[in-house]
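First the structure, in the form of structure tokens, and then the observations on it.
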Amino acid sequence: MLEMDYSPLILSLKVAAISTFFVFIVGVMIAYYLAKRDFFGKSILEALFLLPLVLPPTVVGFGLLVLFGKKGWIGSWLLEWFDFQIVFTWIGAVIASIVVSFPLMYQSAAAAFESLDERLSNAARTMGASEWRVFFTIVFPLAWPGLLAGLVLSFARGLGEFGATLMLAGYIPGKTDTIPMAIYFAVESGQMGKATFWVLIIIIFGFSLILWVNWWSKRNIRRFTRI
Amino acid sequence: MLHVNIHKQLAHYEMAIQFEMGAEILVLVGPSGSGKTTILNSIAGLVHPDSGLIVSNKHTFFDTDQKPMPARDRQIGYLFQDYALFPHMTVEKNILYGVKKNNRKDSEEMIAQLLHVLGIEHLLHKYPHQVSGGEKQRVGLARALATCPSVLLLDEPLSALDKETRKQCQDELLRLHEIWKIPFIVVTHDLDEAERLGNRIIYLDKGQIIDEQKKRQLMTVY
């Protein structure tokens with residue numbers, strides 16, 4: 001324990017935070033855009049967004065390798081033009097985390113936007129508000145409890161991501177060893193003490209997050225949703 | 001002057017409505033689903049007719065061959081059914097939402113008068129869920145009028161209120177109309193209310209005008 005390497009904690013937090021940042025912005029934008037529209041193929045598109053939720057992580061990882069691997073569609077292009085490689089880097093872990101946590105953010109945001117009373121936005125429009133103002137002053141604050149739930153779920157999912165990350169980013173100590181990765185390889189090499197330490201850390205983290213979100217929701221949702 | 005000519009295919013019938021009005025109170029009466037709210041929404045720019053013409057004081061809101069004017073540019077006051085107050089803003093913020101920042105100083109006097117007429121000065125720092133149904137209705141009215149609209153649309157404005165409050169609010173509406181002198185279009189399915197409020201009553205069914213009554217004299221209520 002004395003020579004404990006804390007880099008998995010730092011790396012996990014970094015990967016989860018960066019992936020949550022992108023997932024939040026893109027998830028909110030897409031969910032808002034789709035919530036207001038109905039078109040042929042919308043259900044298929046939504047099913048595609050939610051697919052990573054039900055697929056085995058190895059399948060997601062395989063798909064990402066096909067895209068971002070050295071010979072992948074995007075990966076080969078990045079390598080050729082920018083001499084930049086995604087596999088076996090922490091950026092690969094971020095991409096894997098984005099893909100697996102996106103469905104959670106999308107689902108929470110879509111539910112939050114669909115439950116909003118459209119008359120509130122319309123009232124704002126009749127009072128001269130632009131679509132941006134409607135979004136930032138009415139839609140976003142009222143959907144915030146749902147968006148926050150999605151944000152926290154995405155962060156927790158990003159923190160716990162293992163399968164797809166292993167396939168895309170691999171296990172390189174000090175470079176791509178997130179906590180779940182550190183646990184797996186500690187157990188494999190018989191370092192049960194080290195594995196237990198990281199297991200406890202991740203349980204405490206997840207538990208605190210859920211506890212906090214539930215507490216926050218109970219306190220705030222009523223105020224936001226009652227008219 | 002407001003000129004309305006709307007043709008729109010709805011789920012069960014085709015709507016074809018035409019009327020003109022000045023600074024009077026026009027009441028639209030009809031059963032649920034007769035197209036009353038669609039008329040208000042078309043004037044406000046929240047839905048668009050398939051064809052027709054909507055013009056208010058020489059501003060063309062909608063013309064079949066042109067791009068419709070966006071709702072935000074129409075200067076319409078709209079009191080929604082159940083008022084649609086923003087639950088996360090105080091009464092004061094609700095009322096000031098539509099008042100442009102550089103106009104706030106000029107509007108101060110008008111808003112102060114509005115708050116006084118409606119008797120809601122003491123509610124400014126409360127949230128919508130902290131005020132009663134009648135008070136919400138007044139806040140909604142103040143919010144709709146604070147933007148100095150050229151037309152005021154009221155969608156069943158009194159349906160959620162008890163009998164006594166309802167009568168008070170009807171009086172208030174008439175008084176506000178006396179002060180503001182702009183076209184008011186009120187939707188209701190209560191005939192007594194229609195007769196009490198309207199200078200003119202249009203009866204609708206399945207998107208058509210089936211009858212129209214004009215009142216010779218405005219009923220005096222105070």
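Identifiers in this document derive from the order of the structure tokens: chains are assigned A, B, ..., residues are numbered from 1 separately in each chain, and ligands are numbered from 1 in order of occurrence.
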
(request) Return as a PyMOL selection string the residues belonging to chain A that are within 12 Å of chain B, counting only C-alpha atoms. (result) chain A and resi 116-134+137-144+220-227

Using only C-alpha atoms, please write the residues we just selected to a file, as a PDB file, in the first residue's frame.
```
ATOM      1  CA  LEU A 116     -41.825  19.940 -20.635  1.00  0.00           C
ATOM      2  CA  ASP A 117     -45.019  21.866 -21.255  1.00  0.00           C
ATOM      3  CA  GLU A 118     -44.671  23.302 -24.763  1.00  0.00           C
ATOM      4  CA  ARG A 119     -46.984  26.170 -23.803  1.00  0.00           C
ATOM      5  CA  LEU A 120     -44.235  27.611 -21.599  1.00  0.00           C
ATOM      6  CA  SER A 121     -41.900  27.891 -24.594  1.00  0.00           C
ATOM      7  CA  ASN A 122     -44.752  29.246 -26.694  1.00  0.00           C
ATOM      8  CA  ALA A 123     -45.565  31.843 -24.042  1.00  0.00           C
ATOM      9  CA  ALA A 124     -41.926  32.981 -24.187  1.00  0.00           C
ATOM     10  CA  ARG A 125     -42.057  33.143 -27.999  1.00  0.00           C
ATOM     11  CA  THR A 126     -45.171  35.329 -27.975  1.00  0.00           C
ATOM     12  CA  MET A 127     -43.290  37.635 -25.599  1.00  0.00           C
ATOM     13  CA  GLY A 128     -40.613  38.204 -28.204  1.00  0.00           C
ATOM     14  CA  ALA A 129     -38.035  35.620 -27.123  1.00  0.00           C
ATOM     15  CA  SER A 130     -35.675  34.154 -29.734  1.00  0.00           C
ATOM     16  CA  GLU A 131     -35.231  30.366 -29.896  1.00  0.00           C
ATOM     17  CA  TRP A 132     -31.891  30.703 -28.067  1.00  0.00           C
ATOM     18  CA  ARG A 133     -33.494  32.698 -25.278  1.00  0.00           C
ATOM     19  CA  VAL A 134     -36.365  30.206 -25.042  1.00  0.00           C
ATOM     20  CA  THR A 137     -34.168  30.730 -19.971  1.00  0.00           C
ATOM     21  CA  ILE A 138     -37.101  28.289 -20.113  1.00  0.00           C
ATOM     22  CA  VAL A 139     -36.227  24.864 -21.509  1.00  0.00           C
ATOM     23  CA  PHE A 140     -32.805  24.347 -19.946  1.00  0.00           C
ATOM     24  CA  PRO A 141     -33.619  25.418 -16.370  1.00  0.00           C
ATOM     25  CA  LEU A 142     -36.855  23.421 -16.335  1.00  0.00           C
ATOM     26  CA  ALA A 143     -35.234  20.319 -17.825  1.00  0.00           C
ATOM     27  CA  TRP A 144     -32.201  20.645 -15.541  1.00  0.00           C
ATOM     28  CA  ASN A 220     -35.415  20.466  -6.228  1.00  0.00           C
ATOM     29  CA  ILE A 221     -37.670  18.616  -8.646  1.00  0.00           C
ATOM     30  CA  ARG A 222     -40.869  19.628  -6.905  1.00  0.00           C
ATOM     31  CA  ARG A 223     -39.959  23.298  -7.118  1.00  0.00           C
ATOM     32  CA  PHE A 224     -39.094  23.061 -10.785  1.00  0.00           C
ATOM     33  CA  THR A 225     -42.067  21.046 -11.951  1.00  0.00           C
ATOM     34  CA  ARG A 226     -44.953  22.538 -10.016  1.00  0.00           C
ATOM     35  CA  ILE A 227     -46.819  25.360 -11.645  1.00  0.00           C
TER      36      ILE A 227
END
```

(request) Would you list the contacts of Leu197 in chain B as a VMD selection string, taking every protein, DNA or RNA residue within 9 Å and counting only C-alpha atoms, but skipping same-chain residues closer than 3 positions in sequence? (result) chain B and resid 25 to 27 170 to 171 173 to 174 186 192 to 194 200 218 to 219

(message) I want to know what sits within 8 Å of range 57-67 of chain A, based on only C-alpha atoms, with residues of the same chain fewer than 3 positions away left out; could you give that as a PyMOL selection string?
(response) chain A and resi 52+71-75+87+96+99-100+162-168

(request) Please measure the separation of CA of Gln107 in chain A and CA of Ser208 in chain A, giving the value in Å to one decimal. (result) 22.3 Å

(message) Rounded to one decimal, what separation in Å do you get between CA of His12 in chain B and CA of Lys206 in chain B?
(response)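 So the two atoms, CA of His12 in chain B and CA of Lys206 in chain B, lie 8.1 Å apart.
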
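Taking CA of Gly206 in chain A as the reference point, CA of Glu46 in chain A is found at 27.4 Å.
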
Give me the residues near Ala112 in chain A as a short mmCIF file (atom, residue, chain, number, x, y, z; two decimals) with C-alpha atoms, in the first residue's frame, where near means some atom within 6 Å (using only C-alpha atoms) and where sequence neighbours in that chain fewer than 3 positions away do not count.
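Final output, saved to result-v2.cif:
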```cif
data_model
loop_
_atom_site.label_atom_id
_atom_site.label_comp_id
_atom_site.auth_asym_id
_atom_site.auth_seq_id
_atom_site.Cartn_x
_atom_site.Cartn_y
_atom_site.Cartn_z
CA ALA A 109 -32.39 14.47 -21.86
CA SER A 115 -42.08 16.14 -20.31
CA ALA A 143 -35.23 20.32 -17.83
CA GLY A 146 -33.49 15.40 -15.82
#
```

(request) Find the spatial neighbours of range 183-191 of chain A, counting only C-alpha atoms, within a cut-off of 10 Å - ignore same-chain residues fewer than 5 positions away - and output them as an MDAnalysis selection string. (result) chainID A and resid 8 162 171 173 177:178 196:199

(message) as a list of chain:residue names, please: the residues near Gly134 in chain B (cut-off 8 Å, only C-alpha atoms, same-chain neighbours under 2 positions excluded).
(response) B:Ser132, B:Lys136, B:Gln137, B:Arg138, B:Leu161, B:Thr165, B:Arg166, B:Cys169

(request) May I have the residues within 12 Å of Ser42 in chain B as a ChimeraX atom specification, using only C-alpha atoms and disregarding those fewer than 3 positions away in the same chain? (result) /A:126 /B:4-8,15,17,35-39,45-55,61-63,68-71,74,76,78,153
